[in-house]
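Engineer: Structure file coords.json, JSON, C-alpha atoms, is pasted below:
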[["chain", "number", "residue", "atom", "x", "y", "z"],
["A", 173, "MET", "CA", 183.63, 102.56, 140.49],
["A", 174, "ASN", "CA", 182.33, 105.05, 143.03],
["A", 175, "PHE", "CA", 180.74, 103.44, 146.09],
["A", 176, "THR", "CA", 180.06, 104.96, 149.52],
["A", 177, "GLY", "CA", 179.83, 102.80, 152.63],
["A", 178, "THR", "CA", 178.64, 99.21, 152.67],
["A", 179, "ILE", "CA", 176.83, 98.24, 149.48],
["A", 180, "TRP", "CA", 173.54, 96.38, 149.87],
["A", 181, "ARG", "CA", 171.59, 94.45, 147.28],
["A", 182, "PRO", "CA", 168.96, 91.69, 147.43],
["A", 183, "PRO", "CA", 170.33, 88.12, 147.06],
["A", 184, "TYR", "CA", 168.47, 87.73, 143.78],
["A", 185, "GLU", "CA", 170.32, 90.70, 142.23],
["A", 186, "ALA", "CA", 173.65, 88.84, 142.41],
["A", 187, "TRP", "CA", 174.00, 88.82, 138.61],
["A", 188, "SER", "CA", 173.12, 92.49, 138.09],
["A", 189, "ALA", "CA", 175.69, 95.22, 137.52],
["A", 190, "LEU", "CA", 175.71, 97.58, 140.50],
["A", 191, "LEU", "CA", 175.60, 101.33, 139.94],
["A", 192, "GLN", "CA", 175.61, 103.93, 142.70],
["A", 193, "VAL", "CA", 173.24, 106.81, 142.00],
["A", 194, "THR", "CA", 172.39, 107.64, 145.62],
["A", 195, "ALA", "CA", 173.98, 106.96, 148.98],
["A", 196, "GLY", "CA", 172.18, 106.79, 152.31],
["A", 197, "CYS", "CA", 168.46, 106.81, 153.02],
["A", 198, "THR", "CA", 166.02, 109.71, 152.79],
["A", 199, "HIS", "CA", 164.06, 108.30, 155.74],
["A", 200, "HIS", "CA", 166.82, 106.88, 157.98],
["A", 201, "ASN", "CA", 164.39, 106.64, 160.87],
["A", 202, "CYS", "CA", 163.37, 102.97, 161.17],
["A", 203, "LYS", "CA", 164.09, 101.86, 164.73],
["A", 204, "PHE", "CA", 165.64, 98.52, 163.77],
["A", 205, "CYS", "CA", 167.84, 99.70, 160.88],
["A", 206, "THR", "CA", 171.60, 100.19, 161.10],
["A", 207, "LEU", "CA", 172.44, 99.48, 157.45],
["A", 208, "TYR", "CA", 173.55, 103.01, 156.58],
["A", 209, "ASP", "CA", 175.19, 104.05, 159.84],
["A", 210, "ASP", "CA", 178.64, 103.96, 158.21],
["A", 211, "ILE", "CA", 177.72, 106.83, 155.88],
["A", 212, "PRO", "CA", 178.66, 110.30, 157.22],
["A", 213, "PHE", "CA", 175.51, 111.96, 155.85],
["A", 214, "LYS", "CA", 171.82, 111.08, 155.61],
["A", 215, "PHE", "CA", 171.29, 111.03, 151.84],
["A", 216, "ARG", "CA", 173.00, 112.21, 148.68],
["A", 217, "MET", "CA", 172.49, 111.83, 144.96],
["A", 218, "SER", "CA", 175.64, 111.18, 142.94],
["A", 219, "GLN", "CA", 176.78, 113.75, 140.42],
["A", 220, "ILE", "CA", 175.61, 112.92, 136.88],
["A", 221, "SER", "CA", 179.24, 113.06, 135.71],
["A", 222, "GLU", "CA", 180.15, 110.45, 138.34],
["A", 223, "ILE", "CA", 177.23, 108.23, 137.31],
["A", 224, "GLU", "CA", 178.24, 108.43, 133.65],
["A", 225, "ALA", "CA", 181.86, 107.60, 134.48],
["A", 226, "ASP", "CA", 180.74, 104.51, 136.37],
["A", 227, "ILE", "CA", 178.46, 103.44, 133.51],
["A", 228, "ILE", "CA", 181.43, 103.72, 131.14],
["A", 229, "GLU", "CA", 183.48, 101.54, 133.51],
["A", 230, "ILE", "CA", 180.66, 98.96, 133.60],
["A", 231, "TYR", "CA", 180.64, 99.00, 129.78],
["A", 232, "ARG", "CA", 184.40, 98.40, 129.63],
["A", 233, "ASN", "CA", 184.16, 95.41, 131.97],
["A", 234, "MET", "CA", 180.65, 94.09, 131.24],
["A", 235, "PRO", "CA", 179.66, 95.33, 127.75],
["A", 236, "LYS", "CA", 176.87, 92.75, 127.42],
["A", 237, "VAL", "CA", 175.21, 93.48, 130.78],
["A", 238, "THR", "CA", 171.42, 93.24, 130.59],
["A", 239, "ARG", "CA", 170.42, 94.52, 134.03],
["A", 240, "LEU", "CA", 171.51, 97.35, 136.31],
["A", 241, "PHE", "CA", 170.72, 97.53, 140.01],
["A", 242, "LEU", "CA", 170.94, 101.06, 141.37],
["A", 243, "VAL", "CA", 172.39, 100.94, 144.87],
["A", 244, "GLY", "CA", 171.47, 103.11, 147.83],
["A", 245, "ALA", "CA", 168.61, 102.69, 150.30],
["A", 246, "ASN", "CA", 165.96, 104.16, 148.00],
["A", 247, "PRO", "CA", 167.09, 105.54, 144.62],
["A", 248, "PHE", "CA", 163.47, 105.42, 143.44],
["A", 249, "VAL", "CA", 162.91, 108.57, 145.52],
["A", 250, "LEU", "CA", 164.57, 110.54, 142.71],
["A", 251, "SER", "CA", 162.25, 112.49, 140.49],
["A", 252, "THR", "CA", 160.93, 110.88, 137.32],
["A", 253, "GLU", "CA", 163.08, 113.23, 135.25],
["A", 254, "LYS", "CA", 166.28, 112.32, 137.11],
["A", 255, "LEU", "CA", 165.53, 108.61, 136.79],
["A", 256, "LYS", "CA", 164.96, 109.13, 133.07],
["A", 257, "VAL", "CA", 168.31, 110.90, 132.70],
["A", 258, "ILE", "CA", 170.10, 107.99, 134.40],
["A", 259, "ALA", "CA", 168.35, 105.42, 132.19],
["A", 260, "ASN", "CA", 169.11, 107.34, 129.00],
["A", 261, "ILE", "CA", 172.80, 107.66, 129.87],
["A", 262, "ALA", "CA", 172.96, 103.94, 130.65],
["A", 263, "LYS", "CA", 171.36, 103.06, 127.31],
["A", 264, "GLN", "CA", 173.90, 105.20, 125.43],
["A", 265, "TYR", "CA", 176.64, 102.77, 126.48],
["A", 266, "LEU", "CA", 174.98, 99.51, 127.52],
["A", 267, "HIS", "CA", 173.26, 98.42, 124.32],
["A", 268, "LYS", "CA", 172.09, 95.07, 125.73],
["A", 269, "LEU", "CA", 170.50, 96.69, 128.79],
["A", 270, "ASP", "CA", 166.84, 95.74, 129.14],
["A", 271, "SER", "CA", 165.98, 96.41, 132.80],
["A", 272, "ILE", "CA", 166.91, 98.60, 135.76],
["A", 273, "GLY", "CA", 166.09, 97.76, 139.38],
["A", 274, "CYS", "CA", 166.63, 99.43, 142.72],
["A", 275, "PHE", "CA", 165.44, 99.58, 146.31],
["A", 276, "ALA", "CA", 162.39, 101.75, 146.98],
["A", 277, "ARG", "CA", 160.29, 102.92, 149.88],
["A", 278, "ILE", "CA", 156.52, 102.97, 149.57],
["A", 279, "THR", "CA", 156.72, 106.75, 149.98],
["A", 280, "ASP", "CA", 158.99, 107.01, 146.90],
["A", 281, "ILE", "CA", 156.11, 105.85, 144.70],
["A", 282, "THR", "CA", 153.53, 108.24, 146.19],
["A", 283, "PRO", "CA", 154.44, 111.44, 144.28],
["A", 284, "LYS", "CA", 154.73, 109.64, 140.95],
["A", 285, "SER", "CA", 151.63, 109.39, 138.78],
["A", 286, "VAL", "CA", 150.75, 106.20, 136.94],
["A", 287, "ASP", "CA", 151.68, 107.92, 133.67],
["A", 288, "GLU", "CA", 155.10, 108.81, 135.08],
["A", 289, "LEU", "CA", 155.57, 105.25, 136.27],
["A", 290, "ARG", "CA", 154.61, 103.98, 132.81],
["A", 291, "SER", "CA", 157.25, 106.25, 131.25],
["A", 292, "LEU", "CA", 159.86, 104.77, 133.60],
["A", 293, "ARG", "CA", 158.74, 101.27, 132.68],
["A", 294, "VAL", "CA", 159.29, 102.09, 128.99],
["A", 295, "LEU", "CA", 162.88, 103.02, 129.84],
["A", 296, "GLY", "CA", 163.45, 99.70, 131.60],
["A", 297, "TYR", "CA", 162.65, 100.32, 135.26],
["A", 298, "ASN", "CA", 161.24, 97.02, 136.49],
["A", 299, "ARG", "CA", 161.47, 94.58, 139.41],
["A", 300, "ILE", "CA", 162.05, 97.19, 142.11],
["A", 301, "THR", "CA", 162.51, 95.91, 145.65],
["A", 302, "ILE", "CA", 160.40, 97.42, 148.43],
["A", 303, "GLY", "CA", 161.13, 96.80, 152.11],
["A", 304, "VAL", "CA", 157.54, 96.90, 153.31],
["A", 305, "GLU", "CA", 158.52, 94.69, 156.34],
["A", 306, "THR", "CA", 154.93, 94.06, 157.48],
["A", 307, "GLY", "CA", 151.30, 94.88, 156.79],
["A", 308, "ASP", "CA", 150.49, 95.51, 160.45],
["A", 309, "ASP", "CA", 149.84, 99.17, 161.26],
["A", 310, "GLU", "CA", 150.84, 98.91, 164.91],
["A", 311, "ALA", "CA", 154.28, 97.54, 164.00],
["A", 312, "LEU", "CA", 154.71, 100.00, 161.12],
["A", 313, "SER", "CA", 153.97, 102.89, 163.48],
["A", 314, "PHE", "CA", 156.16, 101.66, 166.33],
["A", 315, "MET", "CA", 159.12, 101.06, 164.01],
["A", 316, "ASN", "CA", 158.75, 104.52, 162.39],
["A", 317, "LYS", "CA", 158.38, 103.15, 158.86],
["A", 318, "GLY", "CA", 156.64, 106.34, 157.73],
["A", 319, "TYR", "CA", 153.58, 104.84, 156.06],
["A", 320, "GLU", "CA", 150.50, 102.73, 156.80],
["A", 321, "SER", "CA", 149.24, 99.45, 155.39],
["A", 322, "LYS", "CA", 146.72, 101.26, 153.16],
["A", 323, "ASP", "CA", 149.64, 103.05, 151.52],
["A", 324, "ILE", "CA", 151.24, 99.71, 150.65],
["A", 325, "ILE", "CA", 148.06, 98.64, 148.83],
["A", 326, "GLU", "CA", 147.56, 101.97, 147.06],
["A", 327, "GLN", "CA", 151.13, 102.43, 145.84],
["A", 328, "CYS", "CA", 151.66, 98.82, 144.75],
["A", 329, "ALA", "CA", 148.40, 99.06, 142.80],
["A", 330, "LYS", "CA", 149.94, 102.00, 140.89],
["A", 331, "LEU", "CA", 152.95, 99.85, 140.03],
["A", 332, "ASP", "CA", 150.63, 97.08, 138.83],
["A", 333, "GLU", "CA", 148.76, 99.57, 136.63],
["A", 334, "ALA", "CA", 152.04, 100.83, 135.19],
["A", 335, "ASN", "CA", 153.19, 97.24, 134.54],
["A", 336, "ILE", "CA", 156.21, 97.63, 136.86],
["A", 337, "GLU", "CA", 156.94, 94.34, 138.59],
["A", 338, "TYR", "CA", 158.10, 94.51, 142.19],
["A", 339, "ASP", "CA", 159.49, 92.35, 144.99],
["A", 340, "ILE", "CA", 158.79, 92.97, 148.67],
["A", 341, "PHE", "CA", 160.65, 92.16, 151.86],
["A", 342, "TYR", "CA", 159.09, 90.85, 155.07],
["A", 343, "LEU", "CA", 160.86, 91.20, 158.44],
["A", 344, "ALA", "CA", 160.21, 88.31, 160.82],
["A", 345, "GLY", "CA", 160.24, 89.44, 164.44],
["A", 346, "ILE", "CA", 159.06, 93.00, 163.80],
["A", 347, "TYR", "CA", 156.06, 92.70, 166.15],
["A", 348, "GLY", "CA", 157.86, 91.87, 169.38],
["A", 349, "LYS", "CA", 157.40, 88.99, 171.79],
["A", 350, "GLY", "CA", 153.84, 87.73, 172.05],
["A", 351, "LYS", "CA", 152.46, 90.04, 169.35],
["A", 352, "SER", "CA", 153.18, 88.08, 166.19],
["A", 353, "GLY", "CA", 149.81, 86.31, 166.03],
["A", 354, "LYS", "CA", 147.78, 89.44, 165.39],
["A", 355, "GLY", "CA", 150.54, 91.03, 163.34],
["A", 356, "ILE", "CA", 150.92, 88.14, 160.94],
["A", 357, "ILE", "CA", 147.16, 87.96, 160.31],
["A", 358, "ASN", "CA", 147.13, 91.64, 159.36],
["A", 359, "THR", "CA", 150.18, 91.14, 157.14],
["A", 360, "ILE", "CA", 148.65, 88.16, 155.33],
["A", 361, "ASN", "CA", 145.52, 90.23, 154.63],
["A", 362, "ILE", "CA", 147.65, 92.96, 153.05],
["A", 363, "PHE", "CA", 150.07, 90.72, 151.14],
["A", 364, "ASN", "CA", 147.22, 88.73, 149.60],
["A", 365, "ARG", "CA", 146.10, 91.96, 147.90],
["A", 366, "LEU", "CA", 149.50, 92.50, 146.25],
["A", 367, "GLN", "CA", 151.21, 90.99, 143.22],
["A", 368, "PRO", "CA", 154.89, 90.65, 144.17],
["A", 369, "GLN", "CA", 157.15, 88.50, 142.04],
["A", 370, "ILE", "CA", 159.19, 87.61, 145.13],
["A", 371, "ILE", "CA", 158.50, 87.88, 148.83],
["A", 372, "GLY", "CA", 161.92, 88.00, 150.45],
["A", 373, "ALA", "CA", 162.14, 87.34, 154.16],
["A", 374, "SER", "CA", 164.71, 88.51, 156.68],
["A", 375, "MET", "CA", 165.04, 87.77, 160.39],
["A", 376, "LEU", "CA", 165.16, 90.79, 162.68],
["A", 377, "THR", "CA", 168.62, 91.16, 164.20],
["A", 378, "VAL", "CA", 168.89, 93.90, 166.83],
["A", 379, "TYR", "CA", 172.24, 95.68, 166.99],
["A", 380, "PRO", "CA", 173.38, 97.91, 169.91],
["A", 381, "ASN", "CA", 173.56, 101.03, 167.73],
["A", 382, "SER", "CA", 169.90, 100.76, 166.74],
["A", 383, "GLU", "CA", 167.09, 102.78, 168.30],
["A", 384, "LEU", "CA", 165.26, 99.51, 168.87],
["A", 385, "TYR", "CA", 168.04, 98.32, 171.19],
["A", 386, "GLY", "CA", 167.30, 101.36, 173.35],
["A", 387, "GLU", "CA", 163.63, 100.35, 173.47],
["A", 388, "ILE", "CA", 164.71, 96.93, 174.75],
["A", 389, "LEU", "CA", 166.90, 98.48, 177.45],
["A", 390, "ARG", "CA", 164.01, 100.71, 178.56],
["A", 391, "GLY", "CA", 161.70, 97.72, 178.74],
["A", 392, "THR", "CA", 159.28, 99.13, 176.17],
["A", 393, "TRP", "CA", 159.79, 96.32, 173.64],
["A", 394, "GLU", "CA", 160.87, 92.70, 173.89],
["A", 395, "GLU", "CA", 162.45, 90.67, 171.12],
["A", 396, "GLU", "CA", 160.76, 87.53, 169.82],
["A", 397, "SER", "CA", 162.50, 84.21, 170.30],
["A", 398, "GLU", "CA", 164.13, 82.62, 167.27],
["A", 399, "LYS", "CA", 161.50, 79.91, 167.26],
["A", 400, "GLU", "CA", 158.75, 82.50, 167.31],
["A", 401, "LYS", "CA", 160.30, 84.14, 164.23],
["A", 402, "LEU", "CA", 160.36, 80.80, 162.41],
["A", 403, "GLU", "CA", 156.78, 80.09, 163.40],
["A", 404, "GLU", "CA", 155.91, 83.52, 162.02],
["A", 405, "LEU", "CA", 157.40, 82.63, 158.65],
["A", 406, "MET", "CA", 155.47, 79.35, 158.66],
["A", 407, "LEU", "CA", 152.19, 81.16, 159.36],
["A", 408, "LEU", "CA", 152.94, 83.69, 156.63],
["A", 409, "ILE", "CA", 153.60, 80.97, 154.05],
["A", 410, "GLU", "CA", 150.53, 79.06, 155.16],
["A", 411, "GLY", "CA", 148.28, 82.11, 154.85],
["A", 412, "LEU", "CA", 149.50, 83.40, 151.48],
["A", 413, "GLU", "CA", 147.06, 82.73, 148.65],
["A", 414, "ILE", "CA", 148.88, 84.58, 145.87],
["A", 415, "ARG", "CA", 151.23, 83.19, 143.26],
["A", 416, "THR", "CA", 154.74, 84.33, 144.18],
["A", 417, "HIS", "CA", 158.23, 83.07, 145.00],
["A", 418, "PHE", "CA", 159.13, 82.96, 148.68],
["A", 419, "ALA", "CA", 162.82, 83.44, 149.45],
["A", 420, "ALA", "CA", 164.54, 83.65, 152.84],
["A", 421, "LEU", "CA", 168.10, 83.83, 151.58],
["A", 422, "GLY", "CA", 169.97, 86.70, 153.28],
["A", 423, "ALA", "CA", 172.57, 86.43, 156.03],
["A", 424, "SER", "CA", 169.98, 87.10, 158.74],
["A", 425, "ASN", "CA", 168.42, 83.71, 157.97],
["A", 426, "LEU", "CA", 170.25, 80.80, 159.59],
["A", 427, "PHE", "CA", 168.45, 78.46, 157.21],
["A", 428, "GLN", "CA", 168.04, 79.26, 153.53],
["A", 429, "LEU", "CA", 164.45, 78.69, 152.38],
["A", 430, "HIS", "CA", 162.88, 79.27, 149.00],
["A", 431, "GLY", "CA", 160.10, 77.94, 146.84],
["A", 432, "ASP", "CA", 157.20, 78.83, 144.58],
["A", 433, "LEU", "CA", 153.81, 79.47, 146.14],
["A", 434, "PRO", "CA", 151.35, 77.87, 146.22],
["A", 435, "LEU", "CA", 153.06, 74.90, 144.53],
["A", 436, "GLU", "CA", 155.73, 74.35, 147.21],
["A", 437, "LYS", "CA", 153.80, 75.66, 150.22],
["A", 438, "THR", "CA", 153.61, 72.28, 151.98],
["A", 439, "ALA", "CA", 157.29, 71.56, 151.37],
["A", 440, "LEU", "CA", 158.32, 74.93, 152.85],
["A", 441, "ILE", "CA", 156.09, 74.47, 155.90],
["A", 442, "ASN", "CA", 157.47, 70.97, 156.45],
["A", 443, "GLU", "CA", 161.03, 72.29, 156.17],
["A", 444, "ILE", "CA", 160.42, 74.93, 158.84],
["A", 445, "ASN", "CA", 158.66, 72.37, 161.04],
["A", 446, "GLY", "CA", 161.70, 70.15, 160.72],
["A", 447, "ILE", "CA", 163.99, 72.98, 161.84],
["A", 448, "LEU", "CA", 161.79, 73.74, 164.85],
["A", 449, "LYS", "CA", 161.88, 70.08, 165.92],
["A", 450, "LYS", "CA", 165.59, 69.56, 165.34],
["A", 451, "TYR", "CA", 167.07, 72.68, 166.94],
["A", 452, "ASP", "CA", 166.46, 74.16, 170.35],
["A", 453, "GLU", "CA", 166.28, 77.88, 171.04],
["A", 454, "SER", "CA", 169.85, 78.13, 172.36],
["A", 455, "VAL", "CA", 171.33, 76.87, 169.08],
["A", 456, "LEU", "CA", 169.19, 79.23, 167.01],
["A", 457, "ARG", "CA", 169.92, 82.16, 169.32],
["A", 458, "ASP", "CA", 173.63, 81.50, 169.19],
["A", 459, "TYR", "CA", 173.60, 82.25, 165.45],
["A", 460, "ARG", "CA", 171.76, 85.53, 166.01],
["A", 461, "ILE", "CA", 174.12, 86.68, 168.78],
["A", 462, "ASN", "CA", 177.21, 85.92, 166.69],
["A", 463, "LEU", "CA", 175.92, 87.56, 163.51],
["A", 464, "LYS", "CA", 178.22, 90.57, 163.60],
["A", 465, "HIS", "CA", 177.00, 92.13, 160.38],
["A", 466, "LEU", "CA", 174.12, 91.63, 157.96]]
Let me see whether you can do it: turn the structure in this file into structure tokens.

Structural biologist:
Amino acid sequence: MNFTGTIWRPPYEAWSALLQVTAGCTHHNCKFCTLYDDIPFKFRMSQISEIEADIIEIYRNMPKVTRLFLVGANPFVLSTEKLKVIANIAKQYLHKLDSIGCFARITDITPKSVDELRSLRVLGYNRITIGVETGDDEALSFMNKGYESKDIIEQCAKLDEANIEYDIFYLAGIYGKGKSGKGIINTINIFNRLQPQIIGASMLTVYPNSELYGEILRGTWEEESEKEKLEELMLLIEGLEIRTHFAALGASNLFQLHGDLPLEKTALINEINGILKKYDESVLRDYRINLKHL
């Protein structure tokens, strides 16, 4: 198999076959992100011949695979035609294949019409994962995400119309110390207008090679405490009115939390409250400091 750099996938894609079709990130400008720093270029699509060879290898080892997850920061940026080519090659060999997922940026959806998205859905593209991080415009702008909250609503509505299911990621701590109250209210207002199957949550971990670390050194941004991040998650869960699955399962989360909303809302809030009462900031911070890699 051909893979470049560290390979990332959501925790819930653990049973999917991984296929590299792109490497790197077309944006590569978020202040907090260091995930693709080990790649010696910004972004590259794999050669079709390389993709086909990897699909054949997947077939030889996993002939009954039902789901592919395309790795890379945002393979959904590829044109509709290129995504169709990849799906058609995969279906030539993987006869049990019924769905294809990948990471996507909000801006990857923008140039695609609803009709184009529908054509991708017919070929199996479904349950794409979007790192929206927040619905607060001030935080989106400061972190250089490259879109606004209105874009999240507009582009996810296109996915809904095309019947493409999606999961989103929230980043606790993105607002900075003392700013989470306003930020989380804005995020709740946006998220309650979406229809994600899963809301995944990660805890912001600032590494020295990130642009955000430079902001901290210059005194232009201050990191939230670990307890503030947990309180943020509790407020998010409390404010969500949509039916979805909440999952804080990645390595950035010291405590693994998951449950269906609204059914398990109280249980999740009680679990976080229990953590806040049991552990002091030094214990929680110690985990963050010693987390060498996400």

Engineer: Taking all atoms listed in the file into account, which of A:Ala195, A:Leu207, A:Leu312, A:Val286 comes nearest A:Leu250?

Structural biologist: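 With all atoms listed in the file as the atom set, the closest residue is A:Ala195.
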
Engineer: With a cut-off of 12 Å, could you pull out the residues of stretch 312-363 of chain A touching stretch 175-190 of chain A and give me the nearest pair of atoms for each, distance in Å to one decimal, using all atoms listed in the file, ordered by chain and ascending number, as JSON lines?

Structural biologist:
{"residue": "A:Asp339", "atom": "CA", "partner": "A:Pro182", "partner_atom": "CA", "distance": 9.8}
{"residue": "A:Ile340", "atom": "CA", "partner": "A:Pro182", "partner_atom": "CA", "distance": 10.3}
{"residue": "A:Phe341", "atom": "CA", "partner": "A:Pro182", "partner_atom": "CA", "distance": 9.4}

Engineer: Which neighbours of A:Leu292 fall inside 10 Å, counting all atoms listed in the file, when residues of the same chain fewer than 5 positions from it are skipped, and could you give them as a tab-separated table (two decimals) with C-alpha atoms, keeping the file's coordinate frame?

Structural biologist:
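Once written, out_16.tsv looks like this:
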chain	number	residue	atom	x	y	z
A	252	THR	CA	160.93	110.88	137.32
A	253	GLU	CA	163.08	113.23	135.25
A	255	LEU	CA	165.53	108.61	136.79
A	256	LYS	CA	164.96	109.13	133.07
A	259	ALA	CA	168.35	105.42	132.19
A	272	ILE	CA	166.91	98.60	135.76
A	286	VAL	CA	150.75	106.20	136.94
A	287	ASP	CA	151.68	107.92	133.67
A	297	TYR	CA	162.65	100.32	135.26
A	298	ASN	CA	161.24	97.02	136.49
A	334	ALA	CA	152.04	100.83	135.19
A	336	ILE	CA	156.21	97.63	136.86

Engineer: Which residue is closest to A:His465? Choose from A:Ala329, A:Arg216, A:Ser271, A:Ala423 and count all atoms listed in the file.

Structural biologist: A:Ala423

Engineer: If you measure from atom CA of A:Asn316 to atom CA of A:His430, what distance in Å do you get, rounded to one decimal?

Structural biologist: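 Atom CA of A:His430 lies at a distance of 28.9 Å from atom CA of A:Asn316.
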
Engineer: Taking only C-alpha atoms into account, which of A:Ile371, A:Ile281, A:Ile302, A:Leu412 comes nearest A:Leu429?

Structural biologist: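 With only C-alpha atoms as the atom set, the closest residue is A:Ile371.
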
Engineer: In Å, rounded to a single decimal, give me how far atom CA of A:Ile278 is from atom CA of A:Glu222.

Structural biologist: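 So the two atoms, atom CA of A:Glu222 and atom CA of A:Ile278, lie 27.2 Å apart.
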
Engineer: In Å to one decimal, how far is atom CA of A:Glu305 from atom CA of A:Gly353?

Structural biologist: 15.5 Å

Engineer: Where atoms are absent from stretch 326-333 of chain A, fill them in so it carries all heavy atoms, then output it as an mmCIF file, in the coordinates of the input.

Structural biologist:
data_model
loop_
_atom_site.group_PDB
_atom_site.id
_atom_site.type_symbol
_atom_site.label_atom_id
_atom_site.label_comp_id
_atom_site.auth_asym_id
_atom_site.auth_seq_id
_atom_site.Cartn_x
_atom_site.Cartn_y
_atom_site.Cartn_z
ATOM 1 N N GLU A 326 147.780 100.924 148.060
ATOM 2 C CA GLU A 326 147.560 101.970 147.060
ATOM 3 C C GLU A 326 148.760 102.134 146.121
ATOM 4 O O GLU A 326 148.597 102.243 144.892
ATOM 5 C CB GLU A 326 147.266 103.297 147.750
ATOM 6 C CG GLU A 326 145.907 103.336 148.453
ATOM 7 C CD GLU A 326 145.736 104.568 149.325
ATOM 8 O OE1 GLU A 326 146.668 105.415 149.347
ATOM 9 O OE2 GLU A 326 144.679 104.701 149.972
ATOM 10 N N GLN A 327 149.953 102.161 146.669
ATOM 11 C CA GLN A 327 151.130 102.430 145.840
ATOM 12 C C GLN A 327 151.531 101.211 145.014
ATOM 13 O O GLN A 327 151.966 101.355 143.867
ATOM 14 C CB GLN A 327 152.295 102.916 146.717
ATOM 15 C CG GLN A 327 151.992 104.203 147.473
ATOM 16 C CD GLN A 327 151.414 105.284 146.578
ATOM 17 O OE1 GLN A 327 151.919 105.540 145.481
ATOM 18 N NE2 GLN A 327 150.349 105.939 147.040
ATOM 19 N N CYS A 328 151.364 100.021 145.550
ATOM 20 C CA CYS A 328 151.660 98.820 144.750
ATOM 21 C C CYS A 328 150.647 98.661 143.625
ATOM 22 O O CYS A 328 150.991 98.166 142.549
ATOM 23 C CB CYS A 328 151.696 97.585 145.646
ATOM 24 S SG CYS A 328 153.178 97.497 146.699
ATOM 25 N N ALA A 329 149.414 99.101 143.867
ATOM 26 C CA ALA A 329 148.400 99.060 142.800
ATOM 27 C C ALA A 329 148.814 99.968 141.643
ATOM 28 O O ALA A 329 148.557 99.649 140.467
ATOM 29 C CB ALA A 329 147.039 99.474 143.354
ATOM 30 N N LYS A 330 149.449 101.105 141.941
ATOM 31 C CA LYS A 330 149.940 102.000 140.890
ATOM 32 C C LYS A 330 151.042 101.308 140.076
ATOM 33 O O LYS A 330 151.077 101.431 138.843
ATOM 34 C CB LYS A 330 150.462 103.301 141.501
ATOM 35 C CG LYS A 330 149.359 104.233 141.960
ATOM 36 C CD LYS A 330 149.896 105.353 142.847
ATOM 37 C CE LYS A 330 150.926 106.215 142.179
ATOM 38 N NZ LYS A 330 151.391 107.319 143.072
ATOM 39 N N LEU A 331 151.913 100.583 140.747
ATOM 40 C CA LEU A 331 152.950 99.850 140.030
ATOM 41 C C LEU A 331 152.333 98.787 139.128
ATOM 42 O O LEU A 331 152.759 98.608 137.985
ATOM 43 C CB LEU A 331 153.919 99.181 141.023
ATOM 44 C CG LEU A 331 154.767 100.117 141.887
ATOM 45 C CD1 LEU A 331 155.599 99.306 142.872
ATOM 46 C CD2 LEU A 331 155.681 100.993 141.033
ATOM 47 N N ASP A 332 151.329 98.086 139.645
ATOM 48 C CA ASP A 332 150.630 97.080 138.830
ATOM 49 C C ASP A 332 150.030 97.719 137.580
ATOM 50 O O ASP A 332 150.141 97.179 136.476
ATOM 51 C CB ASP A 332 149.515 96.414 139.650
ATOM 52 C CG ASP A 332 150.036 95.554 140.781
ATOM 53 O OD1 ASP A 332 151.174 95.043 140.662
ATOM 54 O OD2 ASP A 332 149.322 95.394 141.785
ATOM 55 N N GLU A 333 149.402 98.886 137.762
ATOM 56 C CA GLU A 333 148.760 99.570 136.630
ATOM 57 C C GLU A 333 149.779 100.027 135.602
ATOM 58 O O GLU A 333 149.496 100.039 134.403
ATOM 59 C CB GLU A 333 147.949 100.762 137.150
ATOM 60 C CG GLU A 333 147.023 101.365 136.119
ATOM 61 C CD GLU A 333 146.123 102.452 136.677
ATOM 62 O OE1 GLU A 333 146.063 102.609 137.929
ATOM 63 O OE2 GLU A 333 145.478 103.154 135.872
#
